[in-house]
Every structure is written in structure tokens, then in C-alpha cells.
>>> print(open('target.cif').read())   # mmCIF, C-alpha atoms and all ligand atoms
data_protein
#
loop_
_atom_site.group_PDB
_atom_site.id
_atom_site.type_symbol
_atom_site.label_atom_id
_atom_site.label_comp_id
_atom_site.auth_asym_id
_atom_site.auth_seq_id
_atom_site.Cartn_x
_atom_site.Cartn_y
_atom_site.Cartn_z
ATOM 1 C CA MET S 26 1.164 17.685 -24.187
ATOM 2 C CA ASN S 27 0.584 21.456 -24.396
ATOM 3 C CA ILE S 28 -1.973 21.395 -21.604
ATOM 4 C CA PRO S 29 -1.908 24.842 -19.966
ATOM 5 C CA PHE S 30 -1.371 24.861 -16.212
ATOM 6 C CA ASN S 31 -0.124 26.985 -13.330
ATOM 7 C CA VAL S 32 1.711 25.739 -10.255
ATOM 8 C CA MET S 33 0.070 27.615 -7.384
ATOM 9 C CA SER S 34 2.452 26.333 -4.728
ATOM 10 C CA ALA S 35 4.913 23.615 -3.845
ATOM 11 C CA SER S 36 6.836 22.549 -0.783
ATOM 12 C CA ASP S 37 10.214 21.043 -0.034
ATOM 13 C CA PRO S 38 12.749 21.834 2.677
ATOM 14 C CA ASN S 39 15.523 22.059 0.077
ATOM 15 C CA TYR S 40 14.692 25.238 -1.820
ATOM 16 C CA LYS S 41 17.897 25.261 -3.897
ATOM 17 C CA CYS S 42 17.338 21.693 -5.075
ATOM 18 C CA CYS S 43 13.765 22.394 -6.057
ATOM 19 C CA ARG S 44 14.644 25.636 -7.835
ATOM 20 C CA MET S 45 17.143 23.668 -9.896
ATOM 21 C CA LEU S 46 14.627 20.947 -10.724
ATOM 22 C CA SER S 47 11.943 23.468 -11.500
ATOM 23 C CA SER S 48 14.125 25.605 -13.776
ATOM 24 C CA SER S 49 15.532 22.515 -15.509
ATOM 25 C CA ASN S 50 12.146 21.057 -16.336
ATOM 26 C CA ASN S 51 9.941 24.037 -16.972
ATOM 27 C CA ARG S 52 11.296 27.568 -16.592
ATOM 28 C CA THR S 53 7.962 29.203 -17.253
ATOM 29 C CA LYS S 54 6.078 27.255 -14.579
ATOM 30 C CA VAL S 55 7.956 28.038 -11.402
ATOM 31 C CA PRO S 56 5.621 27.637 -8.402
ATOM 32 C CA THR S 57 4.221 30.943 -7.189
ATOM 33 C CA HIS S 58 4.840 29.972 -3.562
ATOM 34 C CA TRP S 59 7.462 27.579 -2.252
ATOM 35 C CA HIS S 60 6.736 26.403 1.277
ATOM 36 C CA ARG S 61 9.221 24.903 3.676
ATOM 37 C CA ASP S 62 7.186 21.714 4.157
ATOM 38 C CA LEU S 63 3.677 20.267 3.848
ATOM 39 C CA GLU S 64 2.547 21.663 7.204
ATOM 40 C CA ALA S 65 3.650 25.197 6.239
ATOM 41 C CA GLN S 66 1.799 24.809 2.928
ATOM 42 C CA ILE S 67 -1.341 23.605 4.710
ATOM 43 C CA ALA S 68 -1.188 26.559 7.095
ATOM 44 C CA GLY S 69 -0.458 29.098 4.326
ATOM 45 C CA LYS S 70 2.588 30.459 6.115
ATOM 46 C CA ALA S 71 4.982 32.920 4.484
ATOM 47 C CA CYS S 72 6.912 30.891 1.947
ATOM 48 C CA LEU S 73 10.610 30.712 1.087
ATOM 49 C CA ARG S 74 10.137 33.046 -1.888
ATOM 50 C CA HIS S 75 8.268 35.659 0.204
ATOM 51 C CA PRO S 76 9.761 35.335 3.686
ATOM 52 C CA PHE S 77 8.575 38.781 4.802
ATOM 53 C CA ALA S 78 4.931 38.291 3.831
ATOM 54 C CA SER S 79 2.316 37.841 6.546
ATOM 55 C CA GLY S 80 1.307 34.645 4.771
ATOM 56 C CA CYS S 81 1.163 33.028 1.323
ATOM 57 C CA ASP S 82 -2.044 31.546 -0.073
ATOM 58 C CA PRO S 83 -1.061 28.069 -1.353
ATOM 59 C CA SER S 84 -4.307 27.544 -3.257
ATOM 60 C CA PRO S 85 -6.219 30.678 -4.385
ATOM 61 C CA VAL S 86 -8.469 28.441 -6.499
ATOM 62 C CA HIS S 87 -9.403 24.753 -6.446
ATOM 63 C CA VAL S 88 -6.550 22.328 -7.159
ATOM 64 C CA ASP S 89 -7.079 20.233 -10.296
ATOM 65 C CA VAL S 90 -4.013 18.007 -9.868
ATOM 66 C CA GLY S 91 -1.871 17.468 -6.789
ATOM 67 C CA ILE S 92 1.453 15.615 -6.808
ATOM 68 C CA CYS S 93 3.220 14.305 -3.699
ATOM 69 C CA GLY S 94 6.423 12.294 -3.465
ATOM 70 C CA THR S 95 6.996 11.925 0.251
ATOM 71 C CA PRO S 96 10.408 10.782 1.634
ATOM 72 C CA CYS S 97 11.022 7.109 0.963
ATOM 73 C CA HIS S 98 13.537 6.368 3.732
ATOM 74 C CA PRO S 99 11.052 4.883 6.269
ATOM 75 C CA PHE S 100 9.761 2.343 3.721
ATOM 76 C CA SER S 101 12.799 1.587 1.566
ATOM 77 C CA THR S 102 14.120 -1.966 1.659
ATOM 78 C CA GLN S 103 17.614 -0.441 1.296
ATOM 79 C CA ARG S 104 17.447 0.765 4.916
ATOM 80 C CA ALA S 105 18.973 -1.507 7.556
ATOM 81 C CA GLY S 106 16.324 -2.888 9.899
ATOM 82 C CA ARG S 107 13.444 -1.881 7.610
ATOM 83 C CA PHE S 108 11.421 -4.989 8.583
ATOM 84 C CA GLU S 109 12.190 -4.921 12.319
ATOM 85 C CA PRO S 110 9.063 -4.417 14.481
ATOM 86 C CA GLY S 111 8.318 -0.712 14.929
ATOM 87 C CA SER S 112 11.139 0.347 12.603
ATOM 88 C CA VAL S 113 8.963 2.026 9.965
ATOM 89 C CA GLU S 114 6.734 3.825 12.460
ATOM 90 C CA ALA S 115 9.709 5.003 14.511
ATOM 91 C CA HIS S 116 11.406 6.640 11.519
ATOM 92 C CA HIS S 117 11.181 10.426 11.824
ATOM 93 C CA GLU S 118 9.943 10.797 8.227
ATOM 94 C CA CYS S 119 7.169 8.175 8.454
ATOM 95 C CA ASP S 120 4.589 10.754 9.519
ATOM 96 C CA ILE S 121 5.078 12.763 6.319
ATOM 97 C CA ALA S 122 3.436 9.995 4.244
ATOM 98 C CA LEU S 123 0.977 8.659 6.819
ATOM 99 C CA GLY S 124 0.126 11.863 8.680
ATOM 100 C CA GLN S 125 1.053 15.075 6.923
ATOM 101 C CA PHE S 126 0.014 13.820 3.481
ATOM 102 C CA ILE S 127 -3.455 12.897 4.763
ATOM 103 C CA ARG S 128 -3.886 16.368 6.298
ATOM 104 C CA TRP S 129 -2.549 17.936 3.081
ATOM 105 C CA LEU S 130 -5.068 15.973 1.001
ATOM 106 C CA ALA S 131 -7.932 16.876 3.334
ATOM 107 C CA ARG S 132 -6.947 20.556 3.140
ATOM 108 C CA PHE S 133 -6.645 20.872 -0.661
ATOM 109 C CA GLN S 134 -8.766 17.964 -1.964
ATOM 110 C CA PRO S 135 -7.440 18.014 -5.546
ATOM 111 C CA SER S 136 -9.658 16.542 -8.251
ATOM 112 C CA VAL S 137 -6.792 14.174 -9.086
ATOM 113 C CA GLN S 138 -3.963 13.294 -6.731
ATOM 114 C CA ILE S 139 -0.734 11.461 -7.583
ATOM 115 C CA PHE S 140 1.240 9.943 -4.711
ATOM 116 C CA GLU S 141 4.632 8.342 -5.417
ATOM 117 C CA GLN S 142 6.593 6.007 -3.192
ATOM 118 C CA VAL S 143 9.110 3.164 -3.359
ATOM 119 C CA MET S 144 7.983 -0.436 -3.691
ATOM 120 C CA GLY S 145 8.735 -0.964 0.007
ATOM 121 C CA PHE S 146 5.602 1.071 0.736
ATOM 122 C CA THR S 147 3.573 -1.949 -0.404
ATOM 123 C CA MET S 148 5.605 -4.456 1.606
ATOM 124 C CA PRO S 149 4.731 -5.567 5.171
ATOM 125 C CA PHE S 150 5.806 -3.460 8.127
ATOM 126 C CA THR S 151 7.544 -6.519 9.598
ATOM 127 C CA LYS S 152 9.205 -9.633 8.224
ATOM 128 C CA GLY S 153 6.605 -12.379 7.863
ATOM 129 C CA GLY S 154 3.736 -9.939 8.407
ATOM 130 C CA SER S 155 1.028 -8.938 5.963
ATOM 131 C CA TYR S 156 -0.010 -5.423 7.038
ATOM 132 C CA THR S 157 1.583 -2.768 4.825
ATOM 133 C CA PRO S 158 2.009 1.021 4.878
ATOM 134 C CA LEU S 159 -0.233 1.146 1.797
ATOM 135 C CA GLN S 160 -3.009 -0.555 3.775
ATOM 136 C CA ARG S 161 -2.496 1.973 6.578
ATOM 137 C CA LEU S 162 -2.789 4.791 4.044
ATOM 138 C CA LYS S 163 -6.062 3.363 2.709
ATOM 139 C CA GLU S 164 -7.484 3.136 6.236
ATOM 140 C CA LEU S 165 -6.513 6.730 6.950
ATOM 141 C CA LEU S 166 -8.154 7.855 3.700
ATOM 142 C CA GLN S 167 -11.355 6.042 4.637
ATOM 143 C CA GLN S 168 -11.473 7.951 7.923
ATOM 144 C CA GLN S 169 -11.551 11.303 6.138
ATOM 145 C CA THR S 170 -14.587 13.187 4.880
ATOM 146 C CA PHE S 171 -13.981 14.476 1.368
ATOM 147 C CA GLN S 172 -16.058 16.722 -0.853
ATOM 148 C CA GLY S 173 -17.616 14.563 -3.535
ATOM 149 C CA GLY S 174 -17.541 11.465 -1.323
ATOM 150 C CA GLY S 175 -13.886 10.430 -1.511
ATOM 151 C CA TYR S 176 -11.430 9.096 -4.038
ATOM 152 C CA TRP S 177 -11.028 6.194 -6.383
ATOM 153 C CA LEU S 178 -7.610 4.716 -5.731
ATOM 154 C CA VAL S 179 -5.419 3.107 -8.393
ATOM 155 C CA THR S 180 -1.907 1.708 -7.930
ATOM 156 C CA LYS S 181 0.636 1.588 -10.753
ATOM 157 C CA ASN S 182 4.159 0.149 -10.801
ATOM 158 C CA LEU S 183 6.783 2.274 -12.528
ATOM 159 C CA ASP S 184 10.465 1.584 -13.185
ATOM 160 C CA MET S 185 12.842 4.408 -14.075
ATOM 161 C CA ARG S 186 14.632 2.176 -16.593
ATOM 162 C CA ILE S 187 11.785 2.985 -18.950
ATOM 163 C CA TRP S 188 13.559 6.341 -19.399
ATOM 164 C CA LEU S 189 17.107 5.848 -18.089
ATOM 165 C CA ALA S 190 19.763 3.136 -17.871
ATOM 166 C CA ILE S 191 18.990 2.529 -14.176
ATOM 167 C CA SER S 192 16.312 0.529 -12.408
ATOM 168 C CA ARG S 193 14.411 2.340 -9.652
ATOM 169 C CA PRO S 194 11.060 0.635 -9.188
ATOM 170 C CA ARG S 195 8.364 2.871 -7.735
ATOM 171 C CA ARG S 196 4.738 2.509 -6.770
ATOM 172 C CA LYS S 197 2.467 5.314 -7.848
ATOM 173 C CA LEU S 198 -0.977 5.851 -6.392
ATOM 174 C CA LEU S 199 -3.545 7.751 -8.382
ATOM 175 C CA LEU S 200 -6.469 9.186 -6.457
ATOM 176 C CA VAL S 201 -9.374 10.547 -8.457
ATOM 177 C CA SER S 202 -12.240 12.399 -6.809
ATOM 178 C CA LEU S 203 -15.529 10.509 -6.800
ATOM 179 C CA SER S 204 -17.188 13.771 -7.846
ATOM 180 C CA LEU S 205 -15.616 13.522 -11.292
ATOM 181 C CA PRO S 206 -17.596 11.798 -14.074
ATOM 182 C CA GLY S 207 -17.335 8.023 -14.356
ATOM 183 C CA PRO S 208 -15.762 7.460 -17.798
ATOM 184 C CA ARG S 209 -12.312 8.097 -16.302
ATOM 185 C CA ILE S 210 -12.571 4.762 -14.562
ATOM 186 C CA ASN S 211 -12.261 2.864 -17.811
ATOM 187 C CA ALA S 212 -9.019 4.599 -18.721
ATOM 188 C CA TYR S 213 -7.124 3.024 -15.860
ATOM 189 C CA GLY S 214 -8.451 -0.512 -15.699
ATOM 190 C CA ALA S 215 -9.133 -1.990 -12.289
ATOM 191 C CA TRP S 216 -10.097 0.554 -9.685
ATOM 192 C CA ILE S 217 -10.079 0.156 -5.950
ATOM 193 C CA ARG S 218 -12.247 2.470 -3.920
ATOM 194 C CA ALA S 219 -10.244 3.993 -1.076
HETATM 195 ZN ZN ZN C 301 4.988 33.023 -1.158
#
>>> encode(input="target.cif", output="C-alpha cells", more="lines below")
Ligand SMILES: [Zn+2]
Amino acid sequence: MNIPFNVMSASDPNYKCCRMLSSSNNRTKVPTHWHRDLEAQIAGKACLRHPFASGCDPSPVHVDVGICGTPCHPFSTQRAGRFEPGSVEAHHECDIALGQFIRWLARFQPSVQIFEQVMGFTMPFTKGGSYTPLQRLKELLQQQTFQGGGYWLVTKNLDMRIWLAISRPRRKLLLVSLSLPGPRINAYGAWIRA
């Protein structure tokens, strides 16, 4: 689309994997700082590219667009016992989506935020229940105080078979700051205020 951008920072525990992805997709836009995880990025700790620095500033200027794809294992229907009571919450990676991501969003407050998860994120915590991780996420968002008043929240279903010969359905959340002008609302159809 030829829209100029810079990646101020990114985070993932697997630096080699992310270097490969980054260099494969856009060699000229390697993140300036690569943090070990979301908490290290929030805290501005020395990153994996500059391990001897006293710290690395993850966001020298305001973030226009943030993208998070938190681990899917707690929510995936492919995991044995996914719908057993307490199973999702007990998973060691559950807090990344429903804890760390909220703190990350509150810290950086991008104008537009994309959050990607598997379809299981929108399914009930327990078999026969109705309360979902997505509902929990909305409640947590409502408890935060954001500049500009908060975010408009849109959910979109995506399936990787649009691009490849495999089907990997995903749910994408799009959060747009309320401080941005209104016409954007029309571009995405039905909006739900978080
Ligand atoms: Zn750094």
C-alpha cells in the first residue's frame, strides 16, 4: 500500500523466529527494539538487540497502530480439556491475553489496535456456559481509563484459506480510539463500544 511506517518496538520470546519473520516480510522495517515479552516492553527494559543498554525506549513517539497476537493455547478448541471448569484460567499463557495485553494497551494507547486470536476466544469458558474470554476482555477494557475516552471495538472473522490452501479460522478485534474522527466508523459496519 506504500504507506510509510516505522516499527518502534516488538516483543516475542523467540527472537530467532521473529527475526526470520521480520526479514522475510519486510527487510527494511526491522523493529528498532525487540523485547523479550510484553512486560519487558511495557517496562522499557534493555531489549534482545541491545542487551547491554540500561534500557530501551519502546515508544519514543505516540503509537499509531499496535498489533498483538497473544498465544492461543489457553483458548484453542484443539487443546484437551479446553471447556473443563477453570481450564482456560489455569493455563499459564491465559494472563498474556487477559492481563498483560490490557496493561500493554493502557501503557501505549495506540490510535488503532489490532488483536488476533483463535475462534475459541469467543467460545464459552465451560461447556454449556455462555461467558466467554472475549466478554472478559471487554469488561477489562471498560475498567481502564484511556486518553480520548476509550476504544470502539469491532470483531472480524478471518480464515487463512483466503490466502493459503489451509483453513485456520481466526477472530480479529479492531480497537479504534474514540479520540479519532467519526467517519472511520462507517468503514467497518457495526461497531460495538468497548
Ligand atoms: Zn533495544
>>> resolve_selection(input="target.cif", expression="the PyMOL selection byres (((chain S and resi 123) around 8) and not hetatm)", output="ChimeraX atom specification")
/S:119-122,124-127,158,161-162,165
>>> residues_around(input="target.cif", residues="Pro85 of chain S", least_positions_apart="3", cutoff="9 Å", atoms="all atoms listed in the file", output="number ranges by chain")
S: 33, 82, 88
>>> residues_around(input="target.cif", residues="segment 94-108 of chain S", least_positions_apart="2", cutoff="7 Å", atoms="only C-alpha atoms", output="tab-separated table (two decimals) with C-alpha atoms, in the coordinates of the input")
chain	number	residue	atom	x	y	z
S	92	ILE	CA	1.45	15.62	-6.81
S	110	PRO	CA	9.06	-4.42	14.48
S	112	SER	CA	11.14	0.35	12.60
S	113	VAL	CA	8.96	2.03	9.96
S	116	HIS	CA	11.41	6.64	11.52
S	118	GLU	CA	9.94	10.80	8.23
S	119	CYS	CA	7.17	8.18	8.45
S	121	ILE	CA	5.08	12.76	6.32
S	122	ALA	CA	3.44	9.99	4.24
S	140	PHE	CA	1.24	9.94	-4.71
S	141	GLU	CA	4.63	8.34	-5.42
S	142	GLN	CA	6.59	6.01	-3.19
S	143	VAL	CA	9.11	3.16	-3.36
S	145	GLY	CA	8.74	-0.96	0.01
S	146	PHE	CA	5.60	1.07	0.74
S	150	PHE	CA	5.81	-3.46	8.13
S	151	THR	CA	7.54	-6.52	9.60
S	152	LYS	CA	9.20	-9.63	8.22
>>> resolve_selection(input="target.cif", expression="the PyMOL selection byres (((chain S and resi 61-75) around 10) and not hetatm)", output="MDAnalysis selection string")
chainID S and resid 34:40 56:60 76:84 93 95 121 125:126 128:133
>>> write_last_selection(input="target.cif", atoms="C-alpha atoms", output="compact mmCIF listing (two decimals), in the coordinates of the input")
# COMPACT_ATOMS: atom_id res chain seq x y z
CA SER S 34 2.45 26.33 -4.73
CA ALA S 35 4.91 23.62 -3.84
CA SER S 36 6.84 22.55 -0.78
CA ASP S 37 10.21 21.04 -0.03
CA PRO S 38 12.75 21.83 2.68
CA ASN S 39 15.52 22.06 0.08
CA TYR S 40 14.69 25.24 -1.82
CA PRO S 56 5.62 27.64 -8.40
CA THR S 57 4.22 30.94 -7.19
CA HIS S 58 4.84 29.97 -3.56
CA TRP S 59 7.46 27.58 -2.25
CA HIS S 60 6.74 26.40 1.28
CA PRO S 76 9.76 35.34 3.69
CA PHE S 77 8.57 38.78 4.80
CA ALA S 78 4.93 38.29 3.83
CA SER S 79 2.32 37.84 6.55
CA GLY S 80 1.31 34.65 4.77
CA CYS S 81 1.16 33.03 1.32
CA ASP S 82 -2.04 31.55 -0.07
CA PRO S 83 -1.06 28.07 -1.35
CA SER S 84 -4.31 27.54 -3.26
CA CYS S 93 3.22 14.30 -3.70
CA THR S 95 7.00 11.92 0.25
CA ILE S 121 5.08 12.76 6.32
CA GLN S 125 1.05 15.08 6.92
CA PHE S 126 0.01 13.82 3.48
CA ARG S 128 -3.89 16.37 6.30
CA TRP S 129 -2.55 17.94 3.08
CA LEU S 130 -5.07 15.97 1.00
CA ALA S 131 -7.93 16.88 3.33
CA ARG S 132 -6.95 20.56 3.14
CA PHE S 133 -6.64 20.87 -0.66
>>> resolve_selection(input="target.cif", expression="the PyMOL selection byres (((chain S and resi 91) around 6) and not hetatm)", output="ChimeraX atom specification")
/S:90,92,135,138
>>> write_last_selection(input="target.cif", atoms="C-alpha atoms", output="mmCIF file, in the coordinates of the input")
data_model
loop_
_atom_site.group_PDB
_atom_site.id
_atom_site.type_symbol
_atom_site.label_atom_id
_atom_site.label_comp_id
_atom_site.auth_asym_id
_atom_site.auth_seq_id
_atom_site.Cartn_x
_atom_site.Cartn_y
_atom_site.Cartn_z
ATOM 1 C CA VAL S 90 -4.013 18.007 -9.868
ATOM 2 C CA ILE S 92 1.453 15.615 -6.808
ATOM 3 C CA PRO S 135 -7.440 18.014 -5.546
ATOM 4 C CA GLN S 138 -3.963 13.294 -6.731
#
>>> closest_residue(input="target.cif", among="S:Lys41, S:Tyr156, S:Met144, S:Asn27", to="Thr180 of chain S", atoms="only C-alpha atoms")
S:Met144
>>> closest_residue(input="target.cif", among="S:Leu46, S:Val55, S:Val137, S:Met185", to="ligand ZN 301 (chain C)", atoms="only C-alpha atoms and all ligand atoms")
S:Val55
>>> atom_distance(input="target.cif", atom1="atom CA of Leu198 of chain S", atom2="atom CA of Gly175 of chain S")
14.5 Å
>>> closest_residue(input="target.cif", among="S:Asn182, S:Trp177, S:Glu109, S:His87", to="Pro149 of chain S", atoms="only C-alpha atoms")
S:Glu109
>>> atom_distance(input="target.cif", atom1="atom CA of Leu178 of chain S", atom2="atom CA of Thr147 of chain S")
14.1 Å
>>> atom_distance(input="target.cif", atom1="atom CA of Ser202 of chain S", atom2="atom CA of Lys163 of chain S")
14.5 Å
>>> axis_aligned_box(input="target.cif", around="segment 149-160 of chain S", padding_each_side="5 Å", output="AutoDock Vina command-line options")
--center_x 3.1 --center_y -5.6 --center_z 5.7 --size_x 22.2 --size_y 23.5 --size_z 17.8
>>> closest_residue(input="target.cif", among="S:Met26, S:Leu159, S:Ile191, S:Val201", to="Gln172 of chain S", atoms="all atoms listed in the file")
S:Val201
>>> closest_residue(input="target.cif", among="S:Val32, S:Gln134, S:Leu183, S:Cys43", to="Phe171 of chain S", atoms="only C-alpha atoms")
S:Gln134
>>> closest_residue(input="target.cif", among="S:Pro194, S:Ser136, S:Val86, S:Lys54", to="Tyr176 of chain S", atoms="all atoms listed in the file")
S:Ser136
>>> build_atoms(input="target.cif", residues="segment 126-152 of chain S", atoms="N, CA and C atoms", output="CSV table (one decimal), keeping the file's coordinate frame")
chain,number,residue,atom,x,y,z
S,126,PHE,N,0.6,13.9,4.8
S,126,PHE,CA,0.0,13.8,3.5
S,126,PHE,C,-1.5,13.7,3.6
S,127,ILE,N,-2.0,13.0,4.6
S,127,ILE,CA,-3.5,12.9,4.8
S,127,ILE,C,-4.1,14.3,5.1
S,128,ARG,N,-3.4,15.0,6.0
S,128,ARG,CA,-3.9,16.4,6.3
S,128,ARG,C,-3.8,17.3,5.1
S,129,TRP,N,-2.7,17.1,4.3
S,129,TRP,CA,-2.5,17.9,3.1
S,129,TRP,C,-3.7,17.7,2.1
S,130,LEU,N,-4.0,16.4,1.9
S,130,LEU,CA,-5.1,16.0,1.0
S,130,LEU,C,-6.4,16.5,1.5
S,131,ALA,N,-6.7,16.4,2.8
S,131,ALA,CA,-7.9,16.9,3.3
S,131,ALA,C,-8.1,18.4,3.2
S,132,ARG,N,-6.9,19.1,3.3
S,132,ARG,CA,-6.9,20.6,3.1
S,132,ARG,C,-7.2,21.0,1.7
S,133,PHE,N,-6.6,20.4,0.7
S,133,PHE,CA,-6.6,20.9,-0.7
S,133,PHE,C,-7.6,20.1,-1.5
S,134,GLN,N,-7.8,18.8,-1.3
S,134,GLN,CA,-8.8,18.0,-2.0
S,134,GLN,C,-8.7,18.1,-3.5
S,135,PRO,N,-7.5,17.9,-4.1
S,135,PRO,CA,-7.4,18.0,-5.5
S,135,PRO,C,-8.4,17.1,-6.3
S,136,SER,N,-8.8,17.4,-7.5
S,136,SER,CA,-9.7,16.5,-8.3
S,136,SER,C,-8.9,15.2,-8.5
S,137,VAL,N,-7.6,15.3,-8.8
S,137,VAL,CA,-6.8,14.2,-9.1
S,137,VAL,C,-5.5,14.3,-8.2
S,138,GLN,N,-5.2,13.3,-7.6
S,138,GLN,CA,-4.0,13.3,-6.7
S,138,GLN,C,-3.0,12.2,-7.1
S,139,ILE,N,-1.8,12.5,-7.3
S,139,ILE,CA,-0.7,11.5,-7.6
S,139,ILE,C,0.2,11.4,-6.4
S,140,PHE,N,0.4,10.2,-5.9
S,140,PHE,CA,1.2,9.9,-4.7
S,140,PHE,C,2.3,8.9,-5.1
S,141,GLU,N,3.6,9.2,-5.0
S,141,GLU,CA,4.6,8.3,-5.4
S,141,GLU,C,5.5,7.9,-4.2
S,142,GLN,N,5.7,6.6,-4.2
S,142,GLN,CA,6.6,6.0,-3.2
S,142,GLN,C,7.4,4.8,-3.8
S,143,VAL,N,8.3,4.3,-3.0
S,143,VAL,CA,9.1,3.2,-3.4
S,143,VAL,C,8.3,1.9,-3.2
S,144,MET,N,8.7,0.8,-3.8
S,144,MET,CA,8.0,-0.4,-3.7
S,144,MET,C,7.8,-0.9,-2.2
S,145,GLY,N,8.8,-0.6,-1.4
S,145,GLY,CA,8.7,-1.0,0.0
S,145,GLY,C,7.5,-0.5,0.7
S,146,PHE,N,6.8,0.5,0.1
S,146,PHE,CA,5.6,1.1,0.7
S,146,PHE,C,4.5,0.0,0.7
S,147,THR,N,4.6,-0.9,-0.3
S,147,THR,CA,3.6,-1.9,-0.4
S,147,THR,C,4.0,-3.3,0.2
S,148,MET,N,5.1,-3.2,0.9
S,148,MET,CA,5.6,-4.5,1.6
S,148,MET,C,5.3,-4.4,3.1
S,149,PRO,N,5.1,-5.6,3.8
S,149,PRO,CA,4.7,-5.6,5.2
S,149,PRO,C,5.6,-4.7,6.1
S,150,PHE,N,5.0,-4.2,7.1
S,150,PHE,CA,5.8,-3.5,8.1
S,150,PHE,C,6.9,-4.3,8.7
S,151,THR,N,6.6,-5.6,9.0
S,151,THR,CA,7.5,-6.5,9.6
S,151,THR,C,7.7,-7.8,8.8
S,152,LYS,N,8.9,-8.4,8.9
S,152,LYS,CA,9.2,-9.6,8.2
S,152,LYS,C,8.2,-10.7,8.6
